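Accompanying notes for the structure given below.
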Amino acid sequence: MNNSDDTLYLSARDAATELAVSPATLYAYVSRGLIRSEPGDGARSRRYRADDVRSLKSRRTPAGETKRFKSFDNDVPILDSAISTITEEGSIYRGVNSAPLSENATLEQTATLLWDVKASDPFTRDNLPIVSAAMRTVLEATRNATPVARAVSVLALAGEADPRAFNRSADGRAEVGARIMRLVTAAIIDKEPSAEALHRQIAGAWAPQHKHAEDILRRALVLLADHELNASTFTVRCAASTGLNLYDAVTTGLVALKGPKHGGAGPLAAQMVARMAQGDVAAQVRERVALGELIPGFGHGVYKHGDPRADSLLAVLVRAGADKRLAVEAPRLITEATGLHPNIDFALAVAMHALGLPIGYELSLFAMSRTAGWIAHAIEQLHSGGLIRPRARYTGPAPSRSGTRRNRDAD
C-alpha cells in the first residue's frame with residue numbers, strides 16, 4: 001500500500017478501533033453500504049475507506065456530545081465524487097497526484113483528466129468560444145474593471161451566445177468546457193480567444209521577457225486546477241444541480257472565488273511577500289509573530305504538515321532563480337516561529353513576485369486554473385441529475401403553539 005493509500009484507507013483493525021466496535025460490527029456496516037471496502041494487499045485482507053469510517057463516527061456521536069457545526073470540517077464529506085480528493089501527499093485528480101502531474105502536463109491535459117475525456121480532444125484548434133456583439137460591448141465596457149470581474153461579466157452573456165451551451169453528450173459538454181476555459185482566459189488577460197496553449201497565452205501577456213514564465217505558470221495552473229469541495233466548487237455544484245448551463249455554473253464559481261477567505265487570500269499573501277522583499281525578512285517575521293498578526297498564506301485546514309502543492313511550486317521557483325529570501329528563508333522562519341507551513345497562496349504570491357507581476361494577478365491565475373475543476377464538478381453534477389438541497393440545523397426560538405409571534409417582553 002503506497003503513502004497515498006495510507007491516507008485514503010484503513011485496515012480492519014484500525015477501522016474497528018476508530019469506531020470503537022468489534023470486527024463483526026464493522027463487517028455489518030460494510031454489508032449495509034455504510035462503509036466501502038476493497039481488496040487489500042494480502043489474499044484475504046480488506047481495506048476500508050477512511051472518509052466513510054470518519055463520517056459514520058461523526059453520525060454515531062452520542063446526542064449529548066454532538067459536535068456543533070463549524071465553519072470548516074474536513075472529516076465530514078458532503079457528497080460522492082470521482083473527480084478528486086485530498087491527501088497528505090497532495091490533491092489527487094482521478095487517481096493521479098497533482099504534484100508529479102505538474103512536472104510535464106498542461107492545464108488542457110489536466111482538464112481532460114478531470115473531465116474524464118478519453119475518446120476525443122475538446123481542445124482542438126477550431127473549438128473557439130463564440131463572442132457575440134453584446135459580449136464585445138461588455139468586454140470593452142469592463143476593460144478597466146478587475147480581470148475576474150471582466151470574466152464574470154462576459155460569461156453572463158456567453159451561454160446565450162453559444163447554441164451548444166446545453167449539449168448533454170459527454171463530448172459536447174467537454175467541448176463547451178474547453179470554450180469556457182479559453183473565454184475565461186481571454187477575458188482575464190484581455191486578449192482575443194485563442195487555441196494556443198493556455199500557459200503560453202498567459203506568459204505572453206504577463207511576462208513575455210521572463211525565460212521561466214511558461215514553465216512556472218504551467219506548473220501552477222496544473223497544481224491549482226482542482227481541490228475537491230472547496231467553497232467555490234461546492235457553489236458551482238449547487239448551481240449546476242438546478243440545471244444551469246456550464247457557463248452560468250462557472251460564473252458562480254468565479255464570484256465565490258473572490259472572497260477574502262478563499263481565492264481572495266492570495267492578494268493578502270502577495271502584499272506580505274512584497275513587503276518582505278523590501279526589508280529584513282527575519283525582522284518582519286519576528287514583528288508579525290510578536291504582535292499576533294495574521295500570516296497569510298500559512299496553515300491549511302486539510303494539510304496539517306504542509307501543502308504539497310506549495311512545496312512543489314516553491315522548489316521550482318528556487319531552481320528558476322527566485323529570491324531565496326522569499327522562497328526559502330521566509331517559509332522556514334515562519335514555520336519555526338508558528339508551526340504553520342506555507343500553503344499554495346504563499347507559493348503563488350512568491351511566483352507572481354518572481355515574474356514581476358502586480359499584486360492581484362495571483363487571483364486571476366487561480367481563476368483561470370480552477371475553471372477546469374469547476375467544469376468537471378458541474379459536468380458530474382449535471383450527469384447525476386440530483387438537486388443539492390441541504391437542511392439547516394435550526395437554532396432560533398421555539399415555535400409558539402398558536403402560530404402567532406411570541407411577545408418576548410411578556411415572558
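We label chains A, B, ... in the order they appear in the C-alpha cells, count residues from 1 in each chain, and number ligands from 1 in the order shown.
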
Hey, what's within 10 Å of Lys258 of chain A if we count only C-alpha atoms and toss same-chain stuff fewer than 2 positions away? As a short mmCIF file (atom, residue, chain, number, x, y, z; two decimals) with N, CA and C atoms, in the first residue's frame, please?
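The new file out_29.cif reads:
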```cif
data_model
loop_
_atom_site.label_atom_id
_atom_site.label_comp_id
_atom_site.auth_asym_id
_atom_site.auth_seq_id
_atom_site.Cartn_x
_atom_site.Cartn_y
_atom_site.Cartn_z
N VAL A 148 -11.09 39.42 -13.04
CA VAL A 148 -12.12 38.44 -12.69
C VAL A 148 -13.51 39.03 -12.90
N ALA A 149 -13.70 40.30 -12.58
CA ALA A 149 -15.00 40.95 -12.82
C ALA A 149 -15.31 40.98 -14.31
N SER A 232 -15.89 27.53 -3.51
CA SER A 232 -16.32 27.89 -4.86
C SER A 232 -16.81 26.66 -5.62
N GLY A 253 -18.82 30.13 -9.60
CA GLY A 253 -17.52 29.82 -9.01
C GLY A 253 -16.60 31.02 -8.98
N LEU A 254 -16.60 31.79 -10.07
CA LEU A 254 -15.76 32.99 -10.12
C LEU A 254 -16.15 33.99 -9.03
N VAL A 255 -17.44 34.14 -8.81
CA VAL A 255 -17.90 35.09 -7.80
C VAL A 255 -17.50 34.61 -6.40
N ALA A 256 -17.69 33.33 -6.13
CA ALA A 256 -17.33 32.79 -4.81
C ALA A 256 -15.83 32.86 -4.57
N PRO A 260 -12.40 36.94 0.50
CA PRO A 260 -11.10 37.01 1.17
C PRO A 260 -10.73 35.75 1.94
N LYS A 261 -11.69 34.85 2.21
CA LYS A 261 -11.37 33.61 2.89
C LYS A 261 -11.12 32.47 1.90
N HIS A 262 -11.17 32.80 0.61
CA HIS A 262 -10.94 31.78 -0.41
C HIS A 262 -9.84 32.27 -1.35
N GLY A 263 -10.14 32.50 -2.62
CA GLY A 263 -9.12 32.97 -3.55
C GLY A 263 -8.60 34.35 -3.21
N GLY A 264 -9.42 35.14 -2.52
CA GLY A 264 -9.01 36.48 -2.13
C GLY A 264 -7.90 36.49 -1.09
N ALA A 265 -7.56 35.31 -0.55
CA ALA A 265 -6.44 35.25 0.40
C ALA A 265 -5.11 35.44 -0.31
N GLY A 266 -5.09 35.20 -1.62
CA GLY A 266 -3.85 35.34 -2.39
C GLY A 266 -3.27 36.74 -2.37
N LEU A 363 -4.83 36.00 -7.97
CA LEU A 363 -6.25 35.65 -8.01
C LEU A 363 -6.69 35.35 -9.43
N SER A 364 -6.18 36.12 -10.39
CA SER A 364 -6.53 35.89 -11.79
C SER A 364 -6.03 34.53 -12.27
N ALA A 367 -8.18 31.83 -10.85
CA ALA A 367 -9.48 31.74 -11.53
C ALA A 367 -9.36 30.99 -12.85
#
```

So that I can see what lies close to Ser384 of chain A, please list as a list in words the residues with an atom at most 12 Å from it, counting only C-alpha atoms and leaving out residues fewer than 6 positions away in the same chain. Leu79, Asp80, Ser81, Ala82, Arg237, Ala240, Ser241, Thr242, Gly243, His377 and Ala378 of chain A

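Picture a line from atom CA of Ile86 of chain A to atom CA of Pro100 of chain A; it runs 14.5 Å.
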
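The space between atom CA of Ala351 of chain A and atom CA of Ile83 of chain A spans 27.0 Å.
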
Contacts of Arg150 of chain A at 10 Å or less, counting only C-alpha atoms, minus same-chain residues fewer than 3 places along, as a PyMOL selection string? chain A and resi 138-147+153-155+184+187-190

Measuring between only C-alpha atoms, which one of A:Ala290, A:Leu223, A:Ile202, A:Leu340 shows the shortest distance to Tyr93 of chain A?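 Among the listed residues, the smallest separation from Tyr93 of chain A belongs to A:Leu223.
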